[in-house]
Each structure stands twice: as C-alpha cells, then as structure tokens.
$ cat structure03.cif   # mmCIF, C-alpha atoms
data_start
loop_
_atom_site.group_PDB
_atom_site.id
_atom_site.type_symbol
_atom_site.label_atom_id
_atom_site.label_comp_id
_atom_site.auth_asym_id
_atom_site.auth_seq_id
_atom_site.Cartn_x
_atom_site.Cartn_y
_atom_site.Cartn_z
ATOM 1 C CA MET A 1 19.587 -43.103 -27.583
ATOM 2 C CA PHE A 2 21.537 -41.097 -25.045
ATOM 3 C CA ALA A 3 21.548 -40.758 -21.280
ATOM 4 C CA MET A 4 20.970 -37.514 -19.398
ATOM 5 C CA ARG A 5 22.222 -36.881 -15.913
ATOM 6 C CA ARG A 6 19.659 -35.815 -13.287
ATOM 7 C CA ARG A 7 21.012 -32.260 -13.128
ATOM 8 C CA ASP A 8 20.907 -32.033 -16.939
ATOM 9 C CA ILE A 9 17.237 -33.022 -16.908
ATOM 10 C CA PHE A 10 16.427 -30.278 -14.421
ATOM 11 C CA GLY A 11 18.466 -27.771 -16.385
ATOM 12 C CA PHE A 12 16.688 -28.742 -19.589
ATOM 13 C CA ALA A 13 13.288 -28.499 -17.888
ATOM 14 C CA ALA A 14 14.095 -25.045 -16.545
ATOM 15 C CA THR A 15 15.165 -23.894 -19.999
ATOM 16 C CA VAL A 16 11.949 -25.203 -21.571
ATOM 17 C CA ALA A 17 9.874 -23.464 -18.870
ATOM 18 C CA ALA A 18 11.651 -20.196 -19.606
ATOM 19 C CA TRP A 19 11.082 -20.338 -23.391
ATOM 20 C CA PRO A 20 7.622 -18.642 -23.305
ATOM 21 C CA LEU A 21 8.998 -15.764 -21.206
ATOM 22 C CA VAL A 22 11.973 -15.310 -23.510
ATOM 23 C CA ALA A 23 9.697 -15.393 -26.551
ATOM 24 C CA ARG A 24 7.382 -12.816 -25.042
ATOM 25 C CA ALA A 25 10.232 -10.451 -24.208
ATOM 26 C CA SER A 26 11.772 -10.732 -27.678
ATOM 27 C CA ASP A 27 8.580 -10.141 -29.707
ATOM 28 C CA PRO A 28 8.167 -6.342 -30.110
ATOM 29 C CA SER A 29 4.858 -6.723 -31.999
ATOM 30 C CA ARG A 30 3.135 -8.567 -29.182
ATOM 31 C CA VAL A 31 0.742 -6.615 -26.956
ATOM 32 C CA PRO A 32 1.514 -7.579 -23.349
ATOM 33 C CA LYS A 33 -1.315 -8.473 -20.976
ATOM 34 C CA ILE A 34 -1.123 -7.357 -17.345
ATOM 35 C CA GLY A 35 -3.536 -8.349 -14.612
ATOM 36 C CA VAL A 36 -4.220 -5.756 -11.917
ATOM 37 C CA LEU A 37 -5.696 -6.890 -8.612
ATOM 38 C CA TRP A 38 -6.878 -3.827 -6.722
ATOM 39 C CA HIS A 39 -8.477 -3.845 -3.262
ATOM 40 C CA ALA A 40 -11.498 -1.518 -3.508
ATOM 41 C CA ALA A 41 -14.793 -1.969 -5.345
ATOM 42 C CA ASN A 42 -14.139 0.119 -8.460
ATOM 43 C CA SER A 43 -11.774 2.573 -10.157
ATOM 44 C CA VAL A 44 -13.402 5.571 -8.456
ATOM 45 C CA GLU A 45 -12.581 4.191 -5.000
ATOM 46 C CA GLU A 46 -9.013 3.568 -6.204
ATOM 47 C CA ALA A 47 -8.578 7.184 -7.362
ATOM 48 C CA PRO A 48 -6.150 8.801 -7.929
ATOM 49 C CA TYR A 49 -3.899 5.738 -8.012
ATOM 50 C CA PHE A 50 -5.861 4.042 -10.793
ATOM 51 C CA THR A 51 -5.137 6.975 -13.096
ATOM 52 C CA SER A 52 -1.537 7.292 -11.874
ATOM 53 C CA LEU A 53 -0.784 3.670 -12.796
ATOM 54 C CA ILE A 54 -2.126 4.181 -16.328
ATOM 55 C CA GLU A 55 -0.138 7.427 -16.617
ATOM 56 C CA GLY A 56 2.972 5.497 -15.628
ATOM 57 C CA PHE A 57 2.480 3.020 -18.469
ATOM 58 C CA ARG A 58 1.773 5.793 -20.982
ATOM 59 C CA SER A 59 4.959 7.628 -20.032
ATOM 60 C CA LEU A 60 6.909 4.479 -20.922
ATOM 61 C CA GLY A 61 5.265 4.098 -24.318
ATOM 62 C CA TYR A 62 2.572 1.649 -23.219
ATOM 63 C CA GLY A 63 -0.428 3.697 -24.234
ATOM 64 C CA GLU A 64 -3.758 2.509 -25.598
ATOM 65 C CA GLY A 65 -3.268 -0.419 -27.953
ATOM 66 C CA ARG A 66 0.261 -1.059 -26.686
ATOM 67 C CA ILE A 67 -0.754 -2.920 -23.509
ATOM 68 C CA THR A 68 -3.826 -4.709 -22.149
ATOM 69 C CA LEU A 69 -4.717 -4.146 -18.510
ATOM 70 C CA GLU A 70 -7.176 -6.577 -16.940
ATOM 71 C CA HIS A 71 -8.514 -4.868 -13.804
ATOM 72 C CA ARG A 72 -10.236 -6.679 -10.942
ATOM 73 C CA PHE A 73 -11.861 -5.025 -7.906
ATOM 74 C CA PRO A 74 -12.406 -7.317 -4.873
ATOM 75 C CA ALA A 75 -14.179 -4.674 -2.724
ATOM 76 C CA GLU A 76 -12.094 -5.666 0.328
ATOM 77 C CA LYS A 77 -13.749 -9.098 0.457
ATOM 78 C CA PRO A 78 -11.379 -12.039 1.180
ATOM 79 C CA GLU A 79 -13.349 -14.471 -0.971
ATOM 80 C CA LEU A 80 -13.183 -12.080 -3.938
ATOM 81 C CA PHE A 81 -9.468 -11.497 -3.441
ATOM 82 C CA THR A 82 -8.982 -15.267 -3.695
ATOM 83 C CA SER A 83 -11.249 -15.885 -6.694
ATOM 84 C CA MET A 84 -10.097 -12.835 -8.647
ATOM 85 C CA ALA A 85 -6.421 -13.615 -8.085
ATOM 86 C CA ALA A 86 -7.063 -17.126 -9.404
ATOM 87 C CA GLU A 87 -9.001 -15.703 -12.359
ATOM 88 C CA LEU A 88 -6.145 -13.399 -13.315
ATOM 89 C CA ALA A 89 -3.574 -16.178 -12.955
ATOM 90 C CA ALA A 90 -5.667 -18.424 -15.231
ATOM 91 C CA MET A 91 -5.367 -15.791 -17.978
ATOM 92 C CA ASN A 92 -1.604 -16.402 -17.969
ATOM 93 C CA PRO A 93 -0.709 -12.698 -18.187
ATOM 94 C CA ASP A 94 2.818 -11.395 -18.522
ATOM 95 C CA ALA A 95 2.604 -10.090 -14.960
ATOM 96 C CA ILE A 96 0.125 -9.369 -12.184
ATOM 97 C CA ILE A 97 0.119 -6.075 -10.298
ATOM 98 C CA ALA A 98 -1.152 -6.473 -6.738
ATOM 99 C CA VAL A 99 -2.229 -3.366 -4.827
ATOM 100 C CA GLY A 100 -1.816 -3.208 -1.050
ATOM 101 C CA SER A 101 -3.705 -5.962 0.741
ATOM 102 C CA ALA A 102 -4.147 -7.819 -2.575
ATOM 103 C CA ALA A 103 -0.464 -8.820 -2.659
ATOM 104 C CA PRO A 104 -0.601 -12.021 -0.546
ATOM 105 C CA TYR A 105 -3.534 -13.315 -2.605
ATOM 106 C CA ALA A 106 -1.703 -12.767 -5.896
ATOM 107 C CA VAL A 107 1.448 -14.489 -4.642
ATOM 108 C CA LYS A 108 -0.627 -17.418 -3.383
ATOM 109 C CA ALA A 109 -2.405 -17.734 -6.746
ATOM 110 C CA THR A 110 0.765 -18.320 -8.784
ATOM 111 C CA THR A 111 4.403 -19.254 -8.341
ATOM 112 C CA SER A 112 5.356 -18.756 -11.983
ATOM 113 C CA ILE A 113 3.731 -15.518 -13.192
ATOM 114 C CA PRO A 114 5.678 -12.404 -12.095
ATOM 115 C CA VAL A 115 3.882 -10.405 -9.398
ATOM 116 C CA VAL A 116 4.635 -6.709 -8.883
ATOM 117 C CA PHE A 117 3.176 -5.368 -5.656
ATOM 118 C CA MET A 118 2.742 -1.784 -4.534
ATOM 119 C CA TYR A 119 1.856 -0.153 -1.186
ATOM 120 C CA VAL A 120 3.091 -3.093 0.896
ATOM 121 C CA PRO A 121 4.469 -1.724 4.196
ATOM 122 C CA ASP A 122 6.569 -4.766 5.118
ATOM 123 C CA PRO A 123 7.231 -7.143 2.175
ATOM 124 C CA LEU A 124 9.774 -9.145 4.156
ATOM 125 C CA GLY A 125 7.634 -9.526 7.275
ATOM 126 C CA SER A 126 4.665 -10.392 5.055
ATOM 127 C CA LYS A 127 6.789 -13.174 3.514
ATOM 128 C CA LEU A 128 6.257 -11.883 -0.008
ATOM 129 C CA VAL A 129 10.022 -11.846 -0.603
ATOM 130 C CA GLN A 130 13.069 -13.608 0.809
ATOM 131 C CA SER A 131 15.026 -10.367 1.083
ATOM 132 C CA ILE A 132 14.653 -6.745 0.028
ATOM 133 C CA GLN A 133 17.733 -6.723 -2.202
ATOM 134 C CA ARG A 134 17.102 -10.126 -3.775
ATOM 135 C CA PRO A 135 13.429 -11.147 -3.525
ATOM 136 C CA GLY A 136 14.183 -14.688 -4.678
ATOM 137 C CA GLY A 137 10.712 -15.732 -5.858
ATOM 138 C CA ASN A 138 8.218 -14.523 -8.444
ATOM 139 C CA ALA A 139 7.328 -11.296 -6.611
ATOM 140 C CA THR A 140 8.925 -7.884 -6.211
ATOM 141 C CA GLY A 141 7.638 -4.350 -6.121
ATOM 142 C CA LEU A 142 7.432 -1.128 -4.183
ATOM 143 C CA SER A 143 6.986 -0.622 -0.469
ATOM 144 C CA ASN A 144 5.401 2.419 1.148
ATOM 145 C CA PHE A 145 7.655 1.854 4.192
ATOM 146 C CA SER A 146 4.830 2.807 6.469
ATOM 147 C CA VAL A 147 5.563 0.817 9.619
ATOM 148 C CA GLU A 148 8.708 2.777 10.454
ATOM 149 C CA LEU A 149 6.744 6.053 10.281
ATOM 150 C CA SER A 150 4.312 5.296 13.110
ATOM 151 C CA ALA A 151 6.454 7.095 15.705
ATOM 152 C CA LYS A 152 6.801 10.173 13.498
ATOM 153 C CA ARG A 153 3.038 10.521 13.210
ATOM 154 C CA LEU A 154 2.780 10.605 16.999
ATOM 155 C CA GLU A 155 5.425 13.346 17.080
ATOM 156 C CA TYR A 156 3.539 15.534 14.627
ATOM 157 C CA LEU A 157 0.283 15.123 16.553
ATOM 158 C CA LYS A 158 2.109 16.125 19.735
ATOM 159 C CA GLU A 159 3.324 19.324 18.063
ATOM 160 C CA VAL A 160 -0.215 20.356 17.179
ATOM 161 C CA VAL A 161 -1.767 19.139 20.440
ATOM 162 C CA PRO A 162 0.896 19.903 23.120
ATOM 163 C CA ASN A 163 -1.096 18.398 26.020
ATOM 164 C CA LEU A 164 -1.621 15.149 24.125
ATOM 165 C CA SER A 165 -1.245 12.049 26.304
ATOM 166 C CA ARG A 166 -3.753 9.439 25.035
ATOM 167 C CA VAL A 167 -3.760 8.393 21.376
ATOM 168 C CA ALA A 168 -5.939 5.790 19.678
ATOM 169 C CA LEU A 169 -4.439 3.516 17.038
ATOM 170 C CA LEU A 170 -7.001 2.480 14.453
ATOM 171 C CA VAL A 171 -5.990 -0.969 13.185
ATOM 172 C CA ASN A 172 -7.419 -3.795 11.134
ATOM 173 C CA PRO A 173 -6.758 -7.025 13.096
ATOM 174 C CA SER A 174 -7.129 -9.034 9.890
ATOM 175 C CA ALA A 175 -3.916 -7.443 8.597
ATOM 176 C CA LYS A 176 -0.792 -9.017 10.117
ATOM 177 C CA ILE A 177 1.067 -5.733 9.790
ATOM 178 C CA SER A 178 -1.180 -4.201 12.473
ATOM 179 C CA ASP A 179 0.860 -5.838 15.253
ATOM 180 C CA LEU A 180 3.944 -3.993 14.033
ATOM 181 C CA TYR A 181 2.111 -0.664 13.965
ATOM 182 C CA ILE A 182 0.997 -1.169 17.553
ATOM 183 C CA GLU A 183 4.450 -2.270 18.674
ATOM 184 C CA GLN A 184 6.147 0.745 17.085
ATOM 185 C CA ALA A 185 3.657 3.261 18.455
ATOM 186 C CA LYS A 186 3.747 1.835 21.978
ATOM 187 C CA ALA A 187 7.555 1.867 21.932
ATOM 188 C CA ALA A 188 7.658 5.509 20.822
ATOM 189 C CA GLY A 189 4.827 6.734 23.048
ATOM 190 C CA PRO A 190 6.616 6.965 26.427
ATOM 191 C CA LYS A 191 9.352 9.186 24.950
ATOM 192 C CA LEU A 192 6.612 11.659 24.007
ATOM 193 C CA GLY A 193 4.560 11.269 27.151
ATOM 194 C CA ILE A 194 1.893 9.405 25.184
ATOM 195 C CA THR A 195 -0.025 6.223 25.910
ATOM 196 C CA ALA A 196 -1.147 4.479 22.718
ATOM 197 C CA GLN A 197 -4.140 2.127 22.683
ATOM 198 C CA ALA A 198 -5.351 0.009 19.764
ATOM 199 C CA PHE A 199 -8.951 0.021 18.520
ATOM 200 C CA GLN A 200 -10.028 -2.525 15.917
ATOM 201 C CA ALA A 201 -12.078 -2.358 12.725
ATOM 202 C CA ARG A 202 -12.216 -5.391 10.435
ATOM 203 C CA SER A 203 -14.665 -3.769 8.023
ATOM 204 C CA LEU A 204 -16.087 -0.367 7.188
ATOM 205 C CA ASP A 205 -19.158 -1.267 9.243
ATOM 206 C CA ASP A 206 -16.914 -1.510 12.325
ATOM 207 C CA LEU A 207 -15.599 2.051 12.070
ATOM 208 C CA GLU A 208 -18.363 3.803 13.992
ATOM 209 C CA GLY A 209 -18.117 1.317 16.848
ATOM 210 C CA ALA A 210 -14.339 1.773 16.983
ATOM 211 C CA PHE A 211 -14.704 5.560 17.244
ATOM 212 C CA ASP A 212 -17.403 5.208 19.886
ATOM 213 C CA ALA A 213 -14.974 3.067 21.892
ATOM 214 C CA MET A 214 -12.285 5.735 21.506
ATOM 215 C CA THR A 215 -14.630 8.370 22.897
ATOM 216 C CA LYS A 216 -15.590 6.134 25.807
ATOM 217 C CA ALA A 217 -11.899 5.551 26.565
ATOM 218 C CA ASP A 218 -11.304 9.326 26.555
ATOM 219 C CA MET A 219 -8.827 9.289 23.671
ATOM 220 C CA GLN A 220 -7.510 12.697 22.567
ATOM 221 C CA ALA A 221 -6.357 11.888 19.010
ATOM 222 C CA VAL A 222 -6.151 9.083 16.446
ATOM 223 C CA VAL A 223 -3.353 7.636 14.308
ATOM 224 C CA VAL A 224 -4.417 5.680 11.230
ATOM 225 C CA ASN A 225 -1.623 3.669 9.614
ATOM 226 C CA ALA A 226 -1.420 2.340 6.067
ATOM 227 C CA GLU A 227 -4.263 -0.082 5.376
ATOM 228 C CA SER A 228 -6.248 -0.620 2.183
ATOM 229 C CA LEU A 229 -9.528 -0.882 4.075
ATOM 230 C CA PHE A 230 -8.994 2.499 5.718
ATOM 231 C CA TYR A 231 -8.170 4.125 2.390
ATOM 232 C CA VAL A 232 -11.584 3.103 1.104
ATOM 233 C CA GLY A 233 -13.111 4.460 4.325
ATOM 234 C CA LYS A 234 -11.037 7.654 4.430
ATOM 235 C CA THR A 235 -14.023 10.015 4.209
ATOM 236 C CA SER A 236 -15.977 8.104 6.840
ATOM 237 C CA ILE A 237 -12.945 8.116 9.142
ATOM 238 C CA ALA A 238 -12.499 11.877 8.710
ATOM 239 C CA ASN A 239 -16.183 12.501 9.462
ATOM 240 C CA LEU A 240 -16.245 10.204 12.489
ATOM 241 C CA ALA A 241 -13.128 11.887 13.884
ATOM 242 C CA ALA A 242 -14.530 15.370 13.246
ATOM 243 C CA THR A 243 -17.834 14.737 15.025
ATOM 244 C CA ARG A 244 -15.895 13.460 18.044
ATOM 245 C CA ARG A 245 -13.360 16.297 17.786
ATOM 246 C CA LEU A 246 -10.426 13.912 17.483
ATOM 247 C CA PRO A 247 -7.333 15.219 15.639
ATOM 248 C CA THR A 248 -6.228 12.499 13.244
ATOM 249 C CA CYS A 249 -2.887 11.701 11.618
ATOM 250 C CA VAL A 250 -2.974 9.381 8.608
ATOM 251 C CA TRP A 251 -0.410 7.852 6.268
ATOM 252 C CA VAL A 252 -1.096 9.487 2.914
ATOM 253 C CA ARG A 253 -2.018 12.889 1.501
ATOM 254 C CA GLU A 254 -5.285 11.732 -0.087
ATOM 255 C CA CYS A 255 -6.659 10.882 3.384
ATOM 256 C CA ALA A 256 -5.754 14.367 4.612
ATOM 257 C CA GLU A 257 -7.527 15.798 1.584
ATOM 258 C CA ALA A 258 -10.581 13.805 2.708
ATOM 259 C CA GLY A 259 -10.537 15.665 6.031
ATOM 260 C CA ALA A 260 -7.872 14.252 8.361
ATOM 261 C CA LEU A 261 -5.794 16.841 10.218
ATOM 262 C CA LEU A 262 -2.340 15.538 9.268
ATOM 263 C CA SER A 263 -0.712 12.979 7.030
ATOM 264 C CA TYR A 264 2.864 11.789 6.915
ATOM 265 C CA GLY A 265 4.069 9.188 4.461
ATOM 266 C CA THR A 266 5.034 8.464 0.891
ATOM 267 C CA ASP A 267 3.744 9.973 -2.345
ATOM 268 C CA GLN A 268 1.588 7.039 -3.388
ATOM 269 C CA ARG A 269 0.716 8.569 -6.755
ATOM 270 C CA ALA A 270 4.415 8.479 -7.594
ATOM 271 C CA ILE A 271 4.612 4.870 -6.402
ATOM 272 C CA ALA A 272 1.752 3.921 -8.734
ATOM 273 C CA ARG A 273 3.585 5.494 -11.667
ATOM 274 C CA ARG A 274 6.832 3.759 -10.658
ATOM 275 C CA THR A 275 5.040 0.411 -10.546
ATOM 276 C CA ALA A 276 4.625 0.611 -14.310
ATOM 277 C CA ALA A 277 8.402 0.912 -14.630
ATOM 278 C CA TYR A 278 8.854 -2.310 -12.630
ATOM 279 C CA VAL A 279 6.442 -4.131 -14.935
ATOM 280 C CA ALA A 280 8.299 -2.746 -17.960
ATOM 281 C CA ARG A 281 11.557 -4.220 -16.647
ATOM 282 C CA ILE A 282 9.923 -7.628 -16.421
ATOM 283 C CA LEU A 283 8.469 -7.287 -19.919
ATOM 284 C CA LYS A 284 12.011 -6.672 -21.150
ATOM 285 C CA GLY A 285 13.197 -9.929 -19.622
ATOM 286 C CA GLU A 286 14.329 -9.145 -16.082
ATOM 287 C CA LYS A 287 13.398 -11.646 -13.381
ATOM 288 C CA PRO A 288 11.422 -10.471 -10.338
ATOM 289 C CA ALA A 289 13.647 -12.663 -8.152
ATOM 290 C CA GLU A 290 16.565 -10.373 -9.002
ATOM 291 C CA ILE A 291 14.861 -6.951 -8.927
ATOM 292 C CA PRO A 292 15.238 -5.338 -5.460
ATOM 293 C CA VAL A 293 12.145 -4.106 -3.698
ATOM 294 C CA GLU A 294 12.052 -0.317 -3.943
ATOM 295 C CA GLN A 295 11.723 1.541 -0.654
ATOM 296 C CA PRO A 296 10.943 5.258 -0.559
ATOM 297 C CA THR A 297 13.538 7.767 0.580
ATOM 298 C CA ARG A 298 11.300 10.836 0.702
ATOM 299 C CA PHE A 299 8.222 11.405 2.833
ATOM 300 C CA GLU A 300 5.540 14.092 2.701
ATOM 301 C CA LEU A 301 3.884 16.040 5.482
ATOM 302 C CA THR A 302 0.409 17.364 4.704
ATOM 303 C CA ILE A 303 -1.511 19.698 7.017
ATOM 304 C CA ASN A 304 -5.221 20.370 6.646
ATOM 305 C CA LEU A 305 -5.762 23.880 8.055
ATOM 306 C CA LYS A 306 -9.509 23.692 7.417
ATOM 307 C CA THR A 307 -9.706 20.739 9.783
ATOM 308 C CA ALA A 308 -7.413 22.447 12.298
ATOM 309 C CA LYS A 309 -9.706 25.476 12.350
ATOM 310 C CA ALA A 310 -12.798 23.305 12.797
ATOM 311 C CA LEU A 311 -11.131 21.595 15.768
ATOM 312 C CA GLY A 312 -10.027 24.912 17.277
ATOM 313 C CA LEU A 313 -6.344 24.042 16.907
ATOM 314 C CA THR A 314 -3.473 26.339 16.001
ATOM 315 C CA VAL A 315 -0.776 24.691 13.909
ATOM 316 C CA PRO A 316 2.679 25.986 14.940
ATOM 317 C CA PHE A 317 4.403 28.059 12.272
ATOM 318 C CA SER A 318 7.492 25.883 12.658
ATOM 319 C CA LEU A 319 5.439 22.876 11.557
ATOM 320 C CA LEU A 320 3.804 24.731 8.673
ATOM 321 C CA THR A 321 7.216 25.623 7.268
ATOM 322 C CA ARG A 322 8.110 21.931 7.171
ATOM 323 C CA ALA A 323 4.911 20.890 5.380
ATOM 324 C CA ASP A 324 4.997 19.698 1.780
ATOM 325 C CA HIS A 325 1.304 20.407 1.292
ATOM 326 C CA VAL A 326 -1.050 22.731 3.169
ATOM 327 C CA ILE A 327 -4.800 22.483 2.618
ATOM 328 C CA GLU A 328 -6.542 25.792 3.269
#
$ encode --input "structure03.cif" --output "structure tokens"
Amino acid sequence: MFAMRRRDIFGFAATVAAWPLVARASDPSRVPKIGVLWHAANSVEEAPYFTSLIEGFRSLGYGEGRITLEHRFPAEKPELFTSMAAELAAMNPDAIIAVGSAAPYAVKATTSIPVVFMYVPDPLGSKLVQSIQRPGGNATGLSNFSVELSAKRLEYLKEVVPNLSRVALLVNPSAKISDLYIEQAKAAGPKLGITAQAFQARSLDDLEGAFDAMTKADMQAVVVNAESLFYVGKTSIANLAATRRLPTCVWVRECAEAGALLSYGTDQRAIARRTAAYVARILKGEKPAEIPVEQPTRFELTINLKTAKALGLTVPFSLLTRADHVIE
C-alpha cells in the first residue's frame, strides 16, 4: 500500500485521460474520424465550402479511405444544432469541425473532444476561447474577422452611390454578434454622412418582410454582414434587393456571385481548406488550447457589374482597379 498526495491523484487522472488521445496520435494505421457540424440543410447549400474542406484534407494526404468525415446538416434549426452536436459528440470522434453558427452548439456538446471552428467573426466575444493567442479550452479555429469590416463595406457603397445617406443593416437578432455589427456601422456612419438602421430577420421567411420595411423606411442601400442564415438565403436576398433597387454590400464573394452588388471580406474557400490543416495538427497531437485562433490578413473586394448595370449605377474606375474579382 502507498499513499498519493492530492495533486498526484489529479496528475495521474489527467495522464490517464490523455492516454486515448496519445494512442490515437501515435497509431499511423488508424483512420481518424471527424465530425462536421454544418449550418445549412445539405451539401449543396454549403457549396463551395463543402468541397473546399474535403480538398483541404486531400491536399494533406487525408483522401478517401484515410479519414472518415461524419457530416450533419441542421438546416439552421436550433433544435437540430443541439441534437446533432450531441450525436456527433456521442460518436467520440477525434475532432469536431463546427461551421459558423454551429460553433457554440459544438462547444456546448463537449468539453473534451477538440472542436475546430471556422467562419466565426468574434471567437472571443462569443466566448468560444479565452484568448486569441491561447484559446485555453477544447476549441480553436479560424475567424473570418468580419465585424471589423462593417465600416469598410459602408465606404465601398458610398463610392458607388455618392449621394448615399440611409443604409439598412440586415441582421439576425438571434446571433449575438449582430449587436457588434450595428455598433460598428453606426459608429462609422457619421464620418461618411450615413445613417445606419437595423432591420431584423430571424429566419428565411422573415427576409421579405425585412426588405418591405426597408422600402417603407426609404433606405437607399443594404449591408449584409457575415451570418450563416444569410448565406443560405443569399439568392433570395439578392433578388429582394434587386426588385427594390437597393444596392447591396455583403461579406463574401459567393453572395456577390448570387447577385449582390459588392462584397468585401475573406476568402472563405481558403478558410475551409485551412481548417483541414488545423484538424491535422490536432491529429498529430497538438492541443486546441495551445493553437492560436487564425485571423485573416487579406480581404477581397468583389464587384458585380451585371448588378450595377441593372441598377443603373456606374462603378468608378478607381474602385474597379482595386477589385480582386469583377463579375461581368
């Protein structure tokens, strides 16, 4: 018989808890299992990011037969986010990838399985991590840094619509990050001679009513910030804006390709591919608590000239020369 001090017991327990992770990382013949909690209803609605994530794994040697990806699609429904996150956690995968608005549900579902998030605008404010440089818990990942870009989107709209003074902010009140979007836009507005007003949509069914309210309030343009719900509704948003002749600036190129006038933000296809690299680091034994959250350093401006023409707008040449992508 021997006695163990209290701190020795905790140290021993922590070592025992870590054994499965160490064993997984050191067994090259084992096929890792990764849960992926998306936000839309299927892989088509998640295009092109669904394909980009798989491409990212393939580029690292995790092709077919070398990794198992368990995909779940909650269709933007809170109850499905909760149940599917719990379902993935119960599988005890090597890691869970959480896409956009799925991140809080994945973190809530487990405190032991590594969670790698992507497309989270404010991981710190969302309380997914303790700090950007040292997350501290079981979650880390990649931010799309979108909140800080709200003011820039107003600037670009002002360049295309010089007499712009009233801009609608399309927000989802169910997303906590929306308050930050509104705060940033309202702070930047007066410097540009713009008054920003928020209009809410909690679901895709609310979009038409939100745009009707914008028209009634005599809004001249719309800014749509990063939000999983609005990505799913990107075509509807573009159509609703077009019929009301509202120039729209969004956060990602794919929404401009769906018909919005402008987009300014990160390359989210690249982020999806980079997410695979974060998972690979964890599979090799790194701890999410010690892997800094990656924040983008490069942002893309996309201009849809087809939409500009339909709205009767002339995009200044000086802005066209700064664009990363021009849709003609």
$ axis_aligned_box --input "structure03.cif" --around "region 193-207 of chain A" --padding-each-side "8 Å" --output "AutoDock Vina command-line options"
--center_x -7.3 --center_y 2.9 --center_z 17.2 --size_x 39.7 --size_y 32.7 --size_z 36.0
$ atom_distance --input "structure03.cif" --atom1 "CA of Lys306 (chain A)" --atom2 "CA of Pro162 (chain A)"
19.2 Å
$ residues_around --input "structure03.cif" --residues "Glu254 (chain A)" --least-positions-apart "6" --cutoff "10 Å" --atoms "only C-alpha atoms" --output "JSON, numbers by chain"
{"A": [47, 48, 231, 234, 235, 260, 263, 267, 268, 269, 302]}
$ resolve_selection --input "structure03.cif" --expression "the PyMOL selection byres ((chain A and resi 80) around 12)" --output "ChimeraX atom specification"
/A:37-41,72-79,81-88,102,105-106
$ residues_around --input "structure03.cif" --residues "Met214 (chain A)" --least-positions-apart "3" --cutoff "12 Å" --atoms "only C-alpha atoms" --output "ChimeraX atom specification"
/A:166-170,196-201,207-211,217-223,240-241,244-246
$ decode --input "structure03.cif" --residues "region 266-279 of chain A" --atoms "N, CA and C atoms" --output "mmCIF file, in the first residue's frame"
data_model
loop_
_atom_site.group_PDB
_atom_site.id
_atom_site.type_symbol
_atom_site.label_atom_id
_atom_site.label_comp_id
_atom_site.auth_asym_id
_atom_site.auth_seq_id
_atom_site.Cartn_x
_atom_site.Cartn_y
_atom_site.Cartn_z
ATOM 1 N N THR A 266 -13.267 38.014 -46.375
ATOM 2 C CA THR A 266 -12.228 36.997 -46.513
ATOM 3 C C THR A 266 -12.549 36.020 -47.647
ATOM 4 N N ASP A 267 -11.536 35.271 -48.046
ATOM 5 C CA ASP A 267 -11.706 34.170 -48.994
ATOM 6 C C ASP A 267 -12.118 32.952 -48.175
ATOM 7 N N GLN A 268 -13.408 32.683 -48.107
ATOM 8 C CA GLN A 268 -13.881 31.615 -47.237
ATOM 9 C C GLN A 268 -13.620 30.220 -47.799
ATOM 10 N N ARG A 269 -13.349 30.111 -49.081
ATOM 11 C CA ARG A 269 -12.932 28.814 -49.623
ATOM 12 C C ARG A 269 -11.553 28.457 -49.064
ATOM 13 N N ALA A 270 -10.686 29.462 -49.012
ATOM 14 C CA ALA A 270 -9.344 29.234 -48.462
ATOM 15 C C ALA A 270 -9.423 28.880 -46.980
ATOM 16 N N ILE A 271 -10.337 29.524 -46.258
ATOM 17 C CA ILE A 271 -10.501 29.219 -44.836
ATOM 18 C C ILE A 271 -10.946 27.774 -44.651
ATOM 19 N N ALA A 272 -11.854 27.305 -45.499
ATOM 20 C CA ALA A 272 -12.311 25.915 -45.404
ATOM 21 C C ALA A 272 -11.147 24.946 -45.619
ATOM 22 N N ARG A 273 -10.301 25.258 -46.593
ATOM 23 C CA ARG A 273 -9.135 24.389 -46.827
ATOM 24 C C ARG A 273 -8.164 24.450 -45.652
ATOM 25 N N ARG A 274 -7.985 25.621 -45.069
ATOM 26 C CA ARG A 274 -7.081 25.790 -43.931
ATOM 27 C C ARG A 274 -7.606 25.073 -42.689
ATOM 28 N N THR A 275 -8.906 24.944 -42.582
ATOM 29 C CA THR A 275 -9.499 24.252 -41.436
ATOM 30 C C THR A 275 -8.990 22.813 -41.357
ATOM 31 N N ALA A 276 -8.835 22.191 -42.501
ATOM 32 C CA ALA A 276 -8.298 20.824 -42.526
ATOM 33 C C ALA A 276 -6.903 20.774 -41.916
ATOM 34 N N ALA A 277 -6.110 21.810 -42.148
ATOM 35 C CA ALA A 277 -4.759 21.855 -41.592
ATOM 36 C C ALA A 277 -4.799 21.950 -40.070
ATOM 37 N N TYR A 278 -5.770 22.680 -39.527
ATOM 38 C CA TYR A 278 -5.925 22.765 -38.072
ATOM 39 C C TYR A 278 -6.280 21.403 -37.486
ATOM 40 N N VAL A 279 -7.188 20.694 -38.145
ATOM 41 C CA VAL A 279 -7.555 19.355 -37.682
ATOM 42 C C VAL A 279 -6.343 18.430 -37.734
#
